[in-house]
Structures are given as C-alpha cells and as structure tokens.
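Participant: Before I ask anything, let me first share the structure, which is written out below as structure tokens.
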Amino acid sequence: MTLGVFVRKNRPRWQRLETMLGLIERGGPRRTNRSFLQELSTFYRATTADLAFAQTHYRGTTLLLFLHQLVARAHNQIYRPNRFSLRGCLRFFRNEIPQALRKHLQAITWSAIVFLLGTALGLSAVQFDERAASIILPTNVLDSIYSGHMWTGGIFSVVPAPVASTFLFTSNISVALMAFAGGLSFGLITAWILFQNGFMLGVVFKLCADYGLLGALLEFITGHGLLEISAIIVSGGAGFVVANALLNPGSYSRSDALAEQGRSAVRMAIISVPALITAGCIEAFISPAHFPVWFKIALGLTLGGVFWLYLFFTGKSVQANTPR
Amino acid sequence: MSTLNSAWDARKTELELPEEIDLQLEVANVGSRTLAILIDLALGGMILFIVYSLMLLLTRDVTRDLVTRFSTHAILTLLLLLIFGFQWGYFNLFEWIWNGQTPGKRLLHLRVIKVDGTPVSWIDILLRNLSRPIDTFGPMGLIGLLMIFVSRKAQRLGDLMARTLVIHETTIDWSIFDEIKSPLPSSQISNAPAIRLSSTQWELLHRYLNRREHLQADVRLRLSLSLYENLKPLVKGTDLELSPLPPEDWLVELAQRT
C-alpha cells in the first residue's frame with residue numbers, strides 16, 4: 001500500500017480520534033458516557049494497529065511522527081492515573097504519610113542528632129564568648145535581649161498577627177521543604193539547615209538565660225516550639241532519606257534508589273506543611289498574647305504529642321489498595 | 001526536508017505501551033526547557049511586581065486611618081503568600097491541573113510525562129518541583145542545565161527522582177495529506193501508468209503541493225524547481241519524462257499518478 005492510499009483510507013478514523021481526544025481534554029464526556037468510551041477504545045486500538053503498520057512500512061515520514069503523537073495523546077487519556085479524590089487524600093494522610101515515616105526512623109534520628117548538635121554548639125559558643133551570638137541573631141534582637149526585654153513584644157506590637165503568622169509559616173515551610181530538597185546535595189544542605197536552626201535555638205537559650213529572660217523565653221516558645229521543631233526534624237529526615245539513596249543505593253542503581261526512596265521522602269516532607277501552618281498561627285496569635293502559662297504549656301504539649309502519636313500509630317492496618 | 005529531518009534527529013525516547021508498540025516521542029531539548037522556565041519566571045515576576053507596586057501606592061498615603069492600614073496589611077499578607085506560592089506552588093499547581101504543563105511549557109508545546117509514557121500523578125509532580133531549589137532556581141540552575149544536557153533522556157535531578165521526562169509535542173498538520181487541487185483536466189490522467197514513489201518522496205511532494213499557495217512567488221518557484229530536479233530521474237521510461245509541462249504543473253501531474 002502506498003502512503004497516499006494508506007492515508008486516504010485511514011485518515012477519517014484518526015481525525016475522529018483527534019476530535020474525541022479534544023473533547024476529553026477540554027473536560028467533555030467522561031466515565032458516564034458508555035458508548036463514547038467504547039468508541040474511543042475501538043479507535044485507539046485501530047490507530048495503534050495503524051501505527052504498527054506505519055512503523056514497518058513508512059519509516060522516516062512525518063505521518064509516522066503524527067501517529068506516534070496521536071497514540072501517545074490517546075494513551076495519556078486512557079491510562080491516566082486516578083484523579084484527585086477525597087478518599088485518596090484521606091488515605092494519603094491516614095496511611096501513606098505515617099507508614100513512610102515509620103520506615104525511616106533512622107533518618108529522623110540522624111536529623112534530630114544534627115539538630116541537637118547544633119543546639120549544643122550554640123549553647124557552648126555563647127558560654128565561651130557572648131559575641132558569638134552576633135553571627136546568627138539580628139542586631140535588634142540582640143539589643144532587646146541586652147536591655148533585658150523579649151524582642152517579641154516589639155515585633156508583634158508593630159505587625160498584626162495575621163501578617164506575622166503568614167510570614168512565619170511561609171518562611172518555616174520554605175526552610176522545611178528546602179531541607180527535603182537539600183537531600184539531593186548528598187544531604188549537605190539538609191545538614192546545614194538543621195545545624196543552623198539548632199544552633200540558633202542554643203544561642204537564644206543561653207543568651208536569654210544569661211540576661212534573666214529564660215522564663216519569658218520559655219513562656220513564648222512553649223506553645224509552638226515543640227511542633228515547629230518536630231516538623232523541621234521530620235523534613236530534615238526526609239532530606240536524609242534522599243541523601244542516603246544517593247550515597248548508599250544498595251542493590252539498586254543510584255537513579256532507581258533515588259526514585260524509590262524519594263516517593264516516601266516527599267510524603268514525610270509534606271506533613272511539615274500543615275504542622276508549620278499550625279505552629280506559625282500559634283506563634284503569632286497565642287504565644288505573644290497574654291494567655292495563662294499553663295494554657296500555653298498544655299497547648300504545646302498536646303500539639304507535639306498529637307503530631308508524634310499520629311505519625312507513630314495511625315494507618316497501621318494494611319488497607320486494600322485501589323488497583324492502579 | 002530539513003524540518004522533517006531535524007524532528008527525527010532530535011533525541012527520541014522509546015516507550016513501551018501495553019499494546020506492544022514502541023512509542024517514539026521527541027524529548028524536549030535544553031533550549032526550549034530553559035525558555036519555558038524563563039517565561040514562567042517572567043509571568044510570576046510580573047504578577048509580583050504588580051502587587052508590590054500596589055502596596056507601595058497604598059503605603060505612600062501618610063494618613064494612617066483604619067481602612068488604609070487594613071488594606072496595607074491585607075496586601076502585605078497577599079504579597080507574602082504570592083511569593084511563597086510562586087516559589088513552591090506555581091509549578092505544582094499548573095502541572096497538576098494542566099496534566100504536566102505550565103503556561104511556559106504550554107506556549108512551547110512541552111509536557112511532563114512519566115518515563116513509561118503514562119501521565120504524571122500529583123506525587124510525581126511534587127517530587128520534581130519541590131527539588132527545583134537544588135537544580136533550577138538561581139545559580140543552582142547550572143546543575144539542572146548540565147544534567148539535562150548530559151543525561152540520555154534530558155532528565156534533571158528532580159526528573160530522575162520523580163521518574164519523569166519532558167517531551168516536545170509538535171502540532172499535527174494533517175493538511176499535508178489533503179487531496180491535490182488540480183487545474184489540469186483529469187481525462188488525460190486516467191490511462192497513464194502509475195509511478196512508484198517512496199513514502200518520504202510522496203510526503204515531500206504533497207507537502208509542497210499543499211503549501212504552495214501560501215509561499216512567496218520566488219520561494220515557490222525555487223522549491224518547485226528543486227523538487228522537479230530531484231524527482232525527474234524516477235519517471236524514466238514513462239511519458240512524464242518528456243512532458244513539456246512547467247515544473248509545478250509537472251509535479252501536480254506526478255502527484256495524480258501515484
């Protein structure tokens with residue numbers, strides 16, 4: 001069959017398939033329309049047969065390129081993954097995230113160790129030389145500590161809480177996601193972020209203790225601190241999972257290990273988003289406000305406890321997965 | 001012929017379908033991917049610039065009445081959310097709702113697909129886009145560029161992690177295969193012997209004949225001459241060899257006989 005005859009004979013069905021795909025891509029008839037779907041699958045299979053024929057007989061033609069693309073487009077619509085559903089979302093949070101985290105407790109432990117190492121170094125740095133604080137803390141914070149006041153009072157009286165909370169959670173989430181992405185730098189950026197945040201915590205603690213602000217600091221930090229630090233440590237763990245895949249791929253190839261481990265790492269990183277939004281709101285609305293201390297302590301412990309209990313104990317049952 | 005060749009010389013990827021066919025798609029090259037990113041960045045930058053200017057205009061007002069203060073704070077929050085959303089949300093959102101395309105990718109006909117040819121799921125999209133700070137944004141972009149340049153399927157780190165690749169979709173122009181409108185009387189054609197052209201030659205001839213109306217006069221003449229020269233040896237021994245027709249009519253005549 002010459003190309004001309006082949007095209008003239010089969011072109012109507014390619015065009016029909018194209019218009020059908022156009023309809024679907026613009027969100028036209030979906031699952032409900034049975035005859036439409038049957039027609040689609042018939043035309044799809046016929047066109048793949050045409051493609052196979054063209055592959056043997058018409059190498060190097062534009063027609064072949066067109067048919068490849070047409071089949072790819074149809075294939076994309078026919079084999080598309082499950083659309084976003086509420087049930088899928090629920091399963092993601094109830095099962096997939098905690099399961100991913102429990103698989104990688106070692107990475108989270110390392111993440112916590114690096115963070116605490118930073119804290120210890122921050123404490124001892126200020127112990128050794130008070131001026132060490134100026135490497136990491138901005139001057140206005142330093143000035144207010146030296147004059148014996150919490151810096152938070154100044155900041156939160158100028159900026160209203162909604163703006164402050166937005167600023168806090170966006171920058172914290174950026175840090176957490178960066179800690180995850182940093183795994184691709186063989187964990188160097190992840191470790192640096194964890195260390196830096198731990199170091200800052202250590203410096204602030206020691207400095208406030210030296211200037212008699214320890215009580216005020218604890219009162220401020222207790223409401224949101226546990227949740228915030230936990231979230232950063234979990235996403236740091238996610239970064240270390242990625243780094244470990246690159247460094248110790250085991251029996252996989254490096255790129256396969258990366259793809260395999262990345263899928264559970266991103267689940268661990270995602271949980272930091274809702275956690276940090278919550279922590280940011282508390283830090284802006286409740287922590288600087290005049291709530292009783294016991295309330296802040298109870299709130300902080302509850303949130304931190306719920307976070308870890310959720311990660312350790314939910315989604316233990318193996319649910320029958322929907323076929324994919 | 002050159003455009004045709006370049007499409008095929010570009011890096012291709014072979015995907016295996018359940019229908020036992022190897023699908024060949026054209027992998028997007030470094031240039032178009034960089035351009036797509038630049039378009040996306042320009043778009044985001046423009047929106048941020050507008051909101052930022054709006055904020056400056058509002059804060060310029062010194063009268064600190066309640067309404068201005070409220071709107072200033074509202075727009076500051078909006079700005080914070082926009083910066084954050086652009087950095088972490090833009091690519092994720094568009095690739096999710098547009099099945100692997102962002103505005104920049106759509107303009108350049110690029111699309112993200114899985115390595116096995118299936119559409120991307122939202123976990124894949126998260127994986128490839130959350131890793132952008134390491135291999136796309138700012139000076140880190142050099143790493144991504146290098147990876148796309150070197151790796152066989154033009155995958156950057158994020159693509160490797162998500163098992164995705166970016167393909168180039170050429171728009172399909174079926175008009176190549178339209179029937180040739182002939183100004184010649186068809187009576188003299190019916191009894192003439194058929195001529196065999198290879199499929200690439202057939203396509204080339206039809207592509208020219210269907211496009212000739214849109215070509216400039218000199219280009220049209222030059223192309224018809226070059227085609228005439230190239231196809232002439234094929235008609236040896238038929239009456240077309242000695243045909244006195246001018247090149248373009250001769251080509252139409254040839255198209256009728258195949």
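Each chain of the structure tokens is named A, B, ... in the order shown, its residues numbered from 1; ligands are numbered from 1 in display order.
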Lys105 (chain B): which residues within 9 Å, counting only C-alpha atoms, same-chain residues fewer than 4 positions away excluded, as an MDAnalysis selection string?
Facilitator: chainID B and resid 32:33 35:37 39:40 100:101 109:112
Participant: Let's have the selection written as a PDB file, in the first residue's frame, with N, CA, C and O atoms.
Facilitator:
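out11.pdb written:
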ATOM      1  N   SER B  32      14.569  24.775  24.744  1.00  0.00           N
ATOM      2  CA  SER B  32      13.145  25.041  24.933  1.00  0.00           C
ATOM      3  C   SER B  32      12.756  24.944  26.402  1.00  0.00           C
ATOM      4  O   SER B  32      11.883  25.662  26.874  1.00  0.00           O
ATOM      5  N   ARG B  33      13.451  24.057  27.134  1.00  0.00           N
ATOM      6  CA  ARG B  33      13.114  23.948  28.558  1.00  0.00           C
ATOM      7  C   ARG B  33      13.539  25.193  29.314  1.00  0.00           C
ATOM      8  O   ARG B  33      12.822  25.676  30.198  1.00  0.00           O
ATOM      9  N   LEU B  35      13.801  28.174  28.040  1.00  0.00           N
ATOM     10  CA  LEU B  35      12.888  29.234  27.627  1.00  0.00           C
ATOM     11  C   LEU B  35      11.553  29.128  28.370  1.00  0.00           C
ATOM     12  O   LEU B  35      10.999  30.124  28.829  1.00  0.00           O
ATOM     13  N   ALA B  36      11.070  27.896  28.517  1.00  0.00           N
ATOM     14  CA  ALA B  36       9.801  27.696  29.222  1.00  0.00           C
ATOM     15  C   ALA B  36       9.906  28.189  30.660  1.00  0.00           C
ATOM     16  O   ALA B  36       9.005  28.870  31.169  1.00  0.00           O
ATOM     17  N   ILE B  37      11.023  27.866  31.319  1.00  0.00           N
ATOM     18  CA  ILE B  37      11.234  28.322  32.694  1.00  0.00           C
ATOM     19  C   ILE B  37      11.269  29.843  32.739  1.00  0.00           C
ATOM     20  O   ILE B  37      10.651  30.477  33.603  1.00  0.00           O
ATOM     21  N   ILE B  39       9.887  31.955  30.730  1.00  0.00           N
ATOM     22  CA  ILE B  39       8.539  32.501  30.542  1.00  0.00           C
ATOM     23  C   ILE B  39       7.754  32.415  31.846  1.00  0.00           C
ATOM     24  O   ILE B  39       7.100  33.369  32.269  1.00  0.00           O
ATOM     25  N   ASP B  40       7.856  31.259  32.519  1.00  0.00           N
ATOM     26  CA  ASP B  40       7.151  31.098  33.791  1.00  0.00           C
ATOM     27  C   ASP B  40       7.639  32.103  34.835  1.00  0.00           C
ATOM     28  O   ASP B  40       6.837  32.706  35.549  1.00  0.00           O
ATOM     29  N   GLY B 100       0.691  18.152  33.404  1.00  0.00           N
ATOM     30  CA  GLY B 100       2.107  18.218  33.055  1.00  0.00           C
ATOM     31  C   GLY B 100       2.527  19.450  32.282  1.00  0.00           C
ATOM     32  O   GLY B 100       3.593  19.451  31.689  1.00  0.00           O
ATOM     33  N   GLN B 101       1.708  20.484  32.265  1.00  0.00           N
ATOM     34  CA  GLN B 101       2.103  21.708  31.571  1.00  0.00           C
ATOM     35  C   GLN B 101       1.988  22.927  32.473  1.00  0.00           C
ATOM     36  O   GLN B 101       1.098  22.995  33.319  1.00  0.00           O
ATOM     37  N   HIS B 109       4.871  24.061  23.699  1.00  0.00           N
ATOM     38  CA  HIS B 109       4.411  22.701  23.392  1.00  0.00           C
ATOM     39  C   HIS B 109       5.224  21.633  24.110  1.00  0.00           C
ATOM     40  O   HIS B 109       5.581  20.621  23.525  1.00  0.00           O
ATOM     41  N   LEU B 110       5.579  21.887  25.361  1.00  0.00           N
ATOM     42  CA  LEU B 110       6.269  20.869  26.162  1.00  0.00           C
ATOM     43  C   LEU B 110       5.265  20.236  27.115  1.00  0.00           C
ATOM     44  O   LEU B 110       4.258  20.838  27.470  1.00  0.00           O
ATOM     45  N   ARG B 111       5.568  19.012  27.527  1.00  0.00           N
ATOM     46  CA  ARG B 111       4.710  18.355  28.504  1.00  0.00           C
ATOM     47  C   ARG B 111       5.530  17.392  29.348  1.00  0.00           C
ATOM     48  O   ARG B 111       6.458  16.761  28.837  1.00  0.00           O
ATOM     49  N   VAL B 112       5.203  17.310  30.624  1.00  0.00           N
ATOM     50  CA  VAL B 112       5.868  16.352  31.504  1.00  0.00           C
ATOM     51  C   VAL B 112       5.098  15.048  31.473  1.00  0.00           C
ATOM     52  O   VAL B 112       3.885  15.054  31.640  1.00  0.00           O
TER      53      VAL B 112
END
Participant: At a cut-off of 7 Å, which residues of chain B touch chain A? Count only C-alpha atoms and give the answer as a PyMOL selection string.
Facilitator: chain B and resi 4+21+23-25+73+77+80+84+118-119+121+127+130-131+134+160-163+172+199-200
Participant: Here is a test: counting only C-alpha atoms, which residue of B:Leu58, B:Leu204, B:Val115, B:Val120 is nearest to Leu76 (chain B)?
Facilitator: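 Checking each candidate against Leu76 (chain B), we get B:Leu58 as the closest.
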Participant: Find the residues around Thr102 (chain B) up to 7 Å (only C-alpha atoms counted), leave out those fewer than 6 positions away in its own chain, and share them as a ChimeraX atom specification.
Facilitator: /B:91,94-95
Participant: Mind writing the picked residues with N, CA and C atoms as a PDB file, in the first residue's frame?
Facilitator:
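Once written, again03.pdb looks like this:
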ATOM      1  N   PHE B  91       4.481  25.807  39.952  1.00  0.00           N
ATOM      2  CA  PHE B  91       4.757  24.688  39.054  1.00  0.00           C
ATOM      3  C   PHE B  91       3.916  23.469  39.417  1.00  0.00           C
ATOM      4  N   PHE B  94       0.099  24.152  38.322  1.00  0.00           N
ATOM      5  CA  PHE B  94      -0.181  24.106  36.891  1.00  0.00           C
ATOM      6  C   PHE B  94       0.071  22.722  36.313  1.00  0.00           C
ATOM      7  N   GLU B  95       1.169  22.093  36.714  1.00  0.00           N
ATOM      8  CA  GLU B  95       1.442  20.769  36.163  1.00  0.00           C
ATOM      9  C   GLU B  95       0.373  19.776  36.594  1.00  0.00           C
TER      10      GLU B  95
END
Participant: Between B:Ile176, B:Ile125, B:Leu227, B:Val252, which is the closest to Trp98 (chain B) once you count only C-alpha atoms?
Facilitator: B:Ile125
Participant: Quick one: everything within 12 Å of Asn33 (chain A), counting only C-alpha atoms, minus sequence neighbours fewer than 6 positions away in the same chain. Send it as a PyMOL selection string.
Facilitator: chain A and resi 24+39-40
Participant: Would you list the contacts of region 94-97 of chain A as a PyMOL selection string, taking every protein, DNA or RNA residue within 7 Å and counting only C-alpha atoms, but skipping same-chain residues closer than 6 positions in sequence?
Facilitator: chain A and resi 267-268+314-315
Participant: Save the residues we just selected, C-alpha atoms, as a JSON list (two decimals), in the first residue's frame?
Facilitator:
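Dumped to selection08.json:
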[["chain", "number", "residue", "atom", "x", "y", "z"],
["A", 267, "ARG", "CA", 5.42, 12.14, 51.95],
["A", 268, "MET", "CA", 7.46, 12.85, 55.08],
["A", 314, "THR", "CA", -2.14, 5.78, 62.67],
["A", 315, "GLY", "CA", -2.53, 3.79, 59.48]]
Participant: Tell me which of B:Ser243, B:Ser151, B:Glu253, B:Phe177 sits closest to Lys9 (chain A), counting only C-alpha atoms.
Facilitator: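 Once distances to Lys9 (chain A) are computed over only C-alpha atoms, the minimum belongs to B:Phe177.
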Participant: Need to verify the contact set: Pro288 (chain A), 9 Å, only C-alpha atoms, exclusion of same-chain residues closer than 4 positions in sequence. Can you return it as a list in words?
Facilitator: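 Selected residues are Thr152, Gly153, Phe156, Glu219, Phe220, Ile282, Glu283 and Ala284 of chain A.
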Participant: Work out how far CA of Ala74 (chain B) is from CA of Arg60 (chain B), in Å to one decimal.
Facilitator: 15.3 Å
Participant: Measuring atom to atom with only C-alpha atoms, identify which of A:Gly215, A:Gly198, A:Pro138, A:Gly88 is nearest to Val293 (chain A).
Facilitator: A:Gly215
Participant: Any chance you could list, as a count of residues only, the residues in region 77-249 of chain B that come up alpha helix (DSSP H) when DSSP is run on the backbone?
Facilitator: 81
Participant: Between CA of Ser226 (chain B) and CA of Asp173 (chain B), what is the distance in Å, rounded to a tenth?
Facilitator: 23.2 Å
Participant: Identify, on the basis of only C-alpha atoms, every residue whose closest approach to Leu201 (chain A) does not exceed 9 Å; exclude the query and any residue fewer than 5 positions from it along the same chain; express the result as a PyMOL selection string.
Facilitator: chain A and resi 118-119+122-123+196+206
Participant: Take the residues from that selection and write them out as an mmCIF file, in the first residue's frame, keeping all heavy atoms.
Facilitator:
data_model
loop_
_atom_site.group_PDB
_atom_site.id
_atom_site.type_symbol
_atom_site.label_atom_id
_atom_site.label_comp_id
_atom_site.auth_asym_id
_atom_site.auth_seq_id
_atom_site.Cartn_x
_atom_site.Cartn_y
_atom_site.Cartn_z
ATOM 1 N N GLY A 118 23.713 21.059 66.825
ATOM 2 C CA GLY A 118 23.703 22.495 66.606
ATOM 3 C C GLY A 118 23.351 23.243 67.876
ATOM 4 O O GLY A 118 24.008 24.224 68.248
ATOM 5 N N THR A 119 22.317 22.748 68.576
ATOM 6 C CA THR A 119 21.892 23.395 69.812
ATOM 7 C C THR A 119 23.022 23.391 70.849
ATOM 8 O O THR A 119 23.323 24.421 71.459
ATOM 9 C CB THR A 119 20.672 22.655 70.409
ATOM 10 O OG1 THR A 119 19.749 22.409 69.363
ATOM 11 C CG2 THR A 119 20.013 23.475 71.492
ATOM 12 N N GLY A 122 25.609 25.805 69.935
ATOM 13 C CA GLY A 122 25.137 27.169 70.158
ATOM 14 C C GLY A 122 25.259 27.552 71.622
ATOM 15 O O GLY A 122 25.750 28.632 71.967
ATOM 16 N N LEU A 123 24.821 26.620 72.495
ATOM 17 C CA LEU A 123 24.923 26.862 73.945
ATOM 18 C C LEU A 123 26.367 27.113 74.343
ATOM 19 O O LEU A 123 26.698 28.100 75.009
ATOM 20 C CB LEU A 123 24.381 25.644 74.711
ATOM 21 C CG LEU A 123 22.877 25.435 74.759
ATOM 22 C CD1 LEU A 123 22.558 24.077 75.376
ATOM 23 C CD2 LEU A 123 22.208 26.547 75.558
ATOM 24 N N GLN A 196 22.013 24.819 61.537
ATOM 25 C CA GLN A 196 21.822 26.254 61.696
ATOM 26 C C GLN A 196 20.639 26.552 62.623
ATOM 27 O O GLN A 196 20.731 27.378 63.533
ATOM 28 C CB GLN A 196 21.555 26.835 60.313
ATOM 29 C CG GLN A 196 21.789 28.310 60.206
ATOM 30 C CD GLN A 196 21.319 28.818 58.860
ATOM 31 O OE1 GLN A 196 20.606 28.120 58.137
ATOM 32 N NE2 GLN A 196 21.712 30.013 58.531
ATOM 33 N N LYS A 206 20.828 30.238 75.639
ATOM 34 C CA LYS A 206 21.915 30.583 76.545
ATOM 35 C C LYS A 206 21.934 32.086 76.836
ATOM 36 O O LYS A 206 22.096 32.525 77.976
ATOM 37 C CB LYS A 206 23.251 30.132 75.913
ATOM 38 C CG LYS A 206 24.478 30.400 76.756
ATOM 39 C CD LYS A 206 24.468 29.558 78.022
ATOM 40 C CE LYS A 206 25.676 29.938 78.884
ATOM 41 N NZ LYS A 206 25.398 29.745 80.317
#
Participant: Can you list every residue in region 30-175 of chain B that DSSP puts in strand (DSSP E or B), as a PyMOL selection string?
Facilitator: chain B and resi 110-114+119+164-168
